[in-house]
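Visitor: My structure is in work-v6.cif, and what it holds is mmCIF, C-alpha atoms, pLDDT in the B column; chains and numbers go by the auth columns:
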data_target
#
loop_
_atom_site.group_PDB
_atom_site.id
_atom_site.type_symbol
_atom_site.label_atom_id
_atom_site.label_comp_id
_atom_site.label_asym_id
_atom_site.label_seq_id
_atom_site.Cartn_x
_atom_site.Cartn_y
_atom_site.Cartn_z
_atom_site.B_iso_or_equiv
_atom_site.auth_seq_id
_atom_site.auth_asym_id
ATOM 1 C CA MET A 1 89.276 110.681 75.019 86.00 1 A
ATOM 2 C CA VAL A 2 88.567 110.588 78.752 90.00 2 A
ATOM 3 C CA VAL A 3 87.089 107.351 80.104 92.00 3 A
ATOM 4 C CA PRO A 4 84.771 107.738 83.131 93.00 4 A
ATOM 5 C CA VAL A 5 86.175 105.880 86.142 95.00 5 A
ATOM 6 C CA ARG A 6 84.196 104.643 89.153 96.00 6 A
ATOM 7 C CA ILE A 7 85.090 102.794 92.358 96.00 7 A
ATOM 8 C CA CYS A 8 83.661 99.347 93.071 97.00 8 A
ATOM 9 C CA ILE A 9 81.841 99.307 96.425 97.00 9 A
ATOM 10 C CA GLY A 10 82.965 95.707 97.010 95.00 10 A
ATOM 11 C CA SER A 11 86.639 95.622 96.080 94.00 11 A
ATOM 12 C CA ARG A 12 87.258 99.399 96.382 96.00 12 A
ATOM 13 C CA ARG A 13 89.200 99.263 93.090 95.00 13 A
ATOM 14 C CA ARG A 14 88.973 101.925 90.425 96.00 14 A
ATOM 15 C CA ALA A 15 87.742 100.712 87.033 95.00 15 A
ATOM 16 C CA PRO A 16 86.235 102.127 83.859 95.00 16 A
ATOM 17 C CA ARG A 17 82.512 102.691 84.240 94.00 17 A
ATOM 18 C CA SER A 18 81.845 100.395 81.278 93.00 18 A
ATOM 19 C CA SER A 19 83.346 97.399 83.114 94.00 19 A
ATOM 20 C CA LEU A 20 81.278 97.858 86.290 96.00 20 A
ATOM 21 C CA LEU A 21 77.649 97.082 87.093 96.00 21 A
ATOM 22 C CA ARG A 22 75.419 99.851 88.420 97.00 22 A
ATOM 23 C CA VAL A 23 73.070 98.899 91.240 97.00 23 A
ATOM 24 C CA VAL A 24 70.099 100.944 92.429 97.00 24 A
ATOM 25 C CA ALA A 25 68.014 100.897 95.608 95.00 25 A
ATOM 26 C CA LEU A 26 64.252 100.673 95.138 94.00 26 A
ATOM 27 C CA SER A 27 61.766 102.307 97.489 89.00 27 A
ATOM 28 C CA ASP A 28 60.832 98.931 99.021 90.00 28 A
ATOM 29 C CA GLY A 29 64.375 98.366 100.327 88.00 29 A
ATOM 30 C CA ARG A 30 65.582 96.014 97.598 94.00 30 A
ATOM 31 C CA VAL A 31 68.729 96.628 95.576 96.00 31 A
ATOM 32 C CA VAL A 32 68.601 95.617 91.907 97.00 32 A
ATOM 33 C CA ALA A 33 71.077 95.470 89.046 96.00 33 A
ATOM 34 C CA ASP A 34 70.893 98.254 86.456 96.00 34 A
ATOM 35 C CA PRO A 35 73.021 96.869 83.593 94.00 35 A
ATOM 36 C CA LYS A 36 72.089 99.716 81.214 95.00 36 A
ATOM 37 C CA ALA A 37 72.733 102.351 83.928 93.00 37 A
ATOM 38 C CA VAL A 38 69.503 104.212 83.171 95.00 38 A
ATOM 39 C CA MET A 39 67.295 103.632 86.221 95.00 39 A
ATOM 40 C CA PRO A 40 66.427 106.716 88.260 94.00 40 A
ATOM 41 C CA GLY A 41 67.766 107.226 91.739 90.00 41 A
ATOM 42 C CA ARG A 42 71.050 107.004 93.529 92.00 42 A
ATOM 43 C CA GLY A 43 73.278 104.253 92.218 95.00 43 A
ATOM 44 C CA ALA A 44 76.474 102.524 93.220 97.00 44 A
ATOM 45 C CA TRP A 45 79.023 100.657 91.129 97.00 45 A
ATOM 46 C CA LEU A 46 80.097 97.052 91.562 96.00 46 A
ATOM 47 C CA THR A 47 82.566 94.758 89.818 95.00 47 A
ATOM 48 C CA PRO A 48 80.213 92.207 88.214 95.00 48 A
ATOM 49 C CA THR A 49 81.363 89.198 90.251 94.00 49 A
ATOM 50 C CA VAL A 50 79.788 87.302 93.121 94.00 50 A
ATOM 51 C CA GLU A 51 82.991 87.854 95.128 95.00 51 A
ATOM 52 C CA ALA A 52 82.724 91.642 94.862 96.00 52 A
ATOM 53 C CA HIS A 53 79.056 91.441 95.874 97.00 53 A
ATOM 54 C CA ASP A 54 79.919 89.327 98.913 96.00 54 A
ATOM 55 C CA GLN A 55 82.634 91.800 99.928 97.00 55 A
ATOM 56 C CA ALA A 56 80.176 94.694 99.617 97.00 56 A
ATOM 57 C CA VAL A 57 77.622 92.879 101.793 96.00 57 A
ATOM 58 C CA LYS A 58 80.276 92.001 104.383 96.00 58 A
ATOM 59 C CA ARG A 59 81.487 95.615 104.534 95.00 59 A
ATOM 60 C CA ARG A 60 77.889 96.944 104.551 95.00 60 A
ATOM 61 C CA ALA A 61 78.851 99.052 101.558 96.00 61 A
ATOM 62 C CA TYR A 62 75.419 98.943 99.901 97.00 62 A
ATOM 63 C CA ARG A 63 73.840 100.759 102.813 95.00 63 A
ATOM 64 C CA ARG A 64 76.559 103.412 102.898 95.00 64 A
ATOM 65 C CA ALA A 65 76.888 103.976 99.160 96.00 65 A
ATOM 66 C CA LEU A 66 73.143 104.148 98.552 96.00 66 A
ATOM 67 C CA ARG A 67 72.539 106.181 101.739 95.00 67 A
ATOM 68 C CA LEU A 68 69.919 103.825 103.152 94.00 68 A
ATOM 69 C CA ASP A 69 68.604 103.815 106.708 93.00 69 A
ATOM 70 C CA ARG A 70 68.737 99.999 107.038 92.00 70 A
ATOM 71 C CA GLU A 71 70.462 97.021 105.442 92.00 71 A
ATOM 72 C CA PRO A 72 68.909 96.371 102.014 95.00 72 A
ATOM 73 C CA ASP A 73 67.866 93.102 100.400 95.00 73 A
ATOM 74 C CA THR A 74 70.597 92.454 97.811 95.00 74 A
ATOM 75 C CA SER A 75 69.472 88.967 96.741 96.00 75 A
ATOM 76 C CA ALA A 76 68.341 90.244 93.316 96.00 76 A
ATOM 77 C CA VAL A 77 71.869 91.503 92.602 96.00 77 A
ATOM 78 C CA ARG A 78 73.389 88.174 93.658 96.00 78 A
ATOM 79 C CA ASP A 79 70.928 86.261 91.435 95.00 79 A
ATOM 80 C CA TYR A 80 71.821 88.524 88.491 95.00 80 A
ATOM 81 C CA LEU A 81 75.561 87.991 89.048 95.00 81 A
ATOM 82 C CA GLU A 82 75.179 84.211 89.367 93.00 82 A
ATOM 83 C CA ALA A 83 73.223 84.089 86.087 92.00 83 A
ATOM 84 C CA LEU A 84 75.873 86.260 84.445 89.00 84 A
ATOM 85 C CA SER A 85 78.624 83.947 85.713 83.00 85 A
ATOM 86 C CA ALA A 86 76.805 80.821 84.469 83.00 86 A
ATOM 87 C CA GLU A 87 76.305 82.428 81.051 80.00 87 A
ATOM 88 C CA GLU A 88 79.989 83.326 80.833 79.00 88 A
ATOM 89 C CA GLN A 89 81.042 79.781 81.795 72.00 89 A
ATOM 90 C CA ALA A 90 78.729 78.325 79.128 73.00 90 A
ATOM 91 C CA ARG A 91 80.175 80.671 76.506 72.00 91 A
ATOM 92 C CA HIS A 92 83.714 79.652 77.543 64.00 92 A
ATOM 93 C CA ARG A 93 82.785 75.948 77.359 67.00 93 A
ATOM 94 C CA ASP A 94 81.335 76.429 73.841 64.00 94 A
ATOM 95 C CA THR A 95 84.507 78.185 72.691 62.00 95 A
ATOM 96 C CA THR A 96 86.667 75.386 74.102 61.00 96 A
ATOM 97 C CA GLU A 97 84.578 72.732 72.321 62.00 97 A
ATOM 98 C CA GLN A 98 84.881 74.623 69.037 61.00 98 A
ATOM 99 C CA ALA A 99 88.649 74.854 69.436 59.00 99 A
ATOM 100 C CA GLU A 100 88.900 71.122 70.130 60.00 100 A
ATOM 101 C CA ARG A 101 86.820 70.302 67.036 65.00 101 A
ATOM 102 C CA LEU A 102 89.068 72.467 64.903 65.00 102 A
ATOM 103 C CA MET A 103 92.195 70.773 66.270 63.00 103 A
ATOM 104 C CA ASP A 104 90.717 67.320 65.495 62.00 104 A
ATOM 105 C CA ASN A 105 90.317 68.192 61.796 55.00 105 A
#
Please go through the file and, once you have read it, give me the structure as structure tokens.

Guide:
Amino acid sequence: MVVPVRICIGSRRRAPRSSLLRVVALSDGRVVADPKAVMPGRGAWLTPTVEAHDQAVKRRAYRRALRLDREPDTSAVRDYLEALSAEEQARHRDTTEQAERLMDN
């Protein structure tokens, strides 16, 4: 079975499509996350971390990859990634607490 591979616009690393986040430019100049990869329009792929987002902004990769005529507003993507990171940290904390309870018994 062949796994589709894409390149992250932030880190420039190749990764399976399923491990990356698709982002799409809207007509009003904003870039939004498309976690289900079903929104219409030209998309770009990003490693779902705040660091990769920051690298993409620094390199102006959103503008290039999405073929925009000016720098887009990527705050919605950053907000999505921060929420994703907080959710992952909470899940990790819950797992650690469960492991400690099991070790105490």

Visitor: Got a sec to resolve the PyMOL selection byres ((chain A and resi 8) around 8) on this structure and send the residues as a list in words?

Guide: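 Taken on the displayed file, the PyMOL selection byres ((chain A and resi 8) around 8) yields the residues Arg6, Ile7, Ile9, Gly10, Ser11, Arg12, Arg13, Arg14, Ala15, Leu20, Ala44, Trp45, Leu46, Thr47 and Ala52 of chain A.
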
Visitor: Applied to this file, what does the PyMOL selection byres ((chain A and resi 53) around 12) return in terms of residues, put as number ranges by chain?

Guide: A: 8-12, 20-23, 31-33, 44-52, 54-62, 74-82

Visitor: Just checking: using only C-alpha atoms, which residue out of A:Asp69, A:Ala83, A:Val2, A:Ala37 ends up closest to Ser19 of chain A?

Guide: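 The answer is A:Ala37, which sits nearest to Ser19 of chain A.
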
Visitor: Record the distance separating atom CA of Val24 of chain A and atom CA of Arg64 of chain A, expressed in Å with one decimal.

Guide: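 Separation between atom CA of Val24 of chain A and atom CA of Arg64 of chain A: 12.5 Å.
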
Visitor: Kindly indicate which residue among A:Leu68, A:Val5, A:Pro35, A:Arg42 lies nearest to Leu84 of chain A, using only C-alpha atoms for the distances.

Guide: A:Pro35

Visitor: So the first atom is atom CA of Arg67 of chain A and the second is atom CA of Ser18 of chain A; what is the distance between them in Å, to one decimal place?

Guide: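 Taking atom CA of Arg67 of chain A and atom CA of Ser18 of chain A, their separation equals 23.2 Å.
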
Visitor: In Å, rounded to a single decimal, give me how far atom CA of Pro16 of chain A is from atom CA of Glu71 of chain A.

Guide: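 If I compute the distance from atom CA of Glu71 of chain A to atom CA of Pro16 of chain A, I get 27.2 Å.
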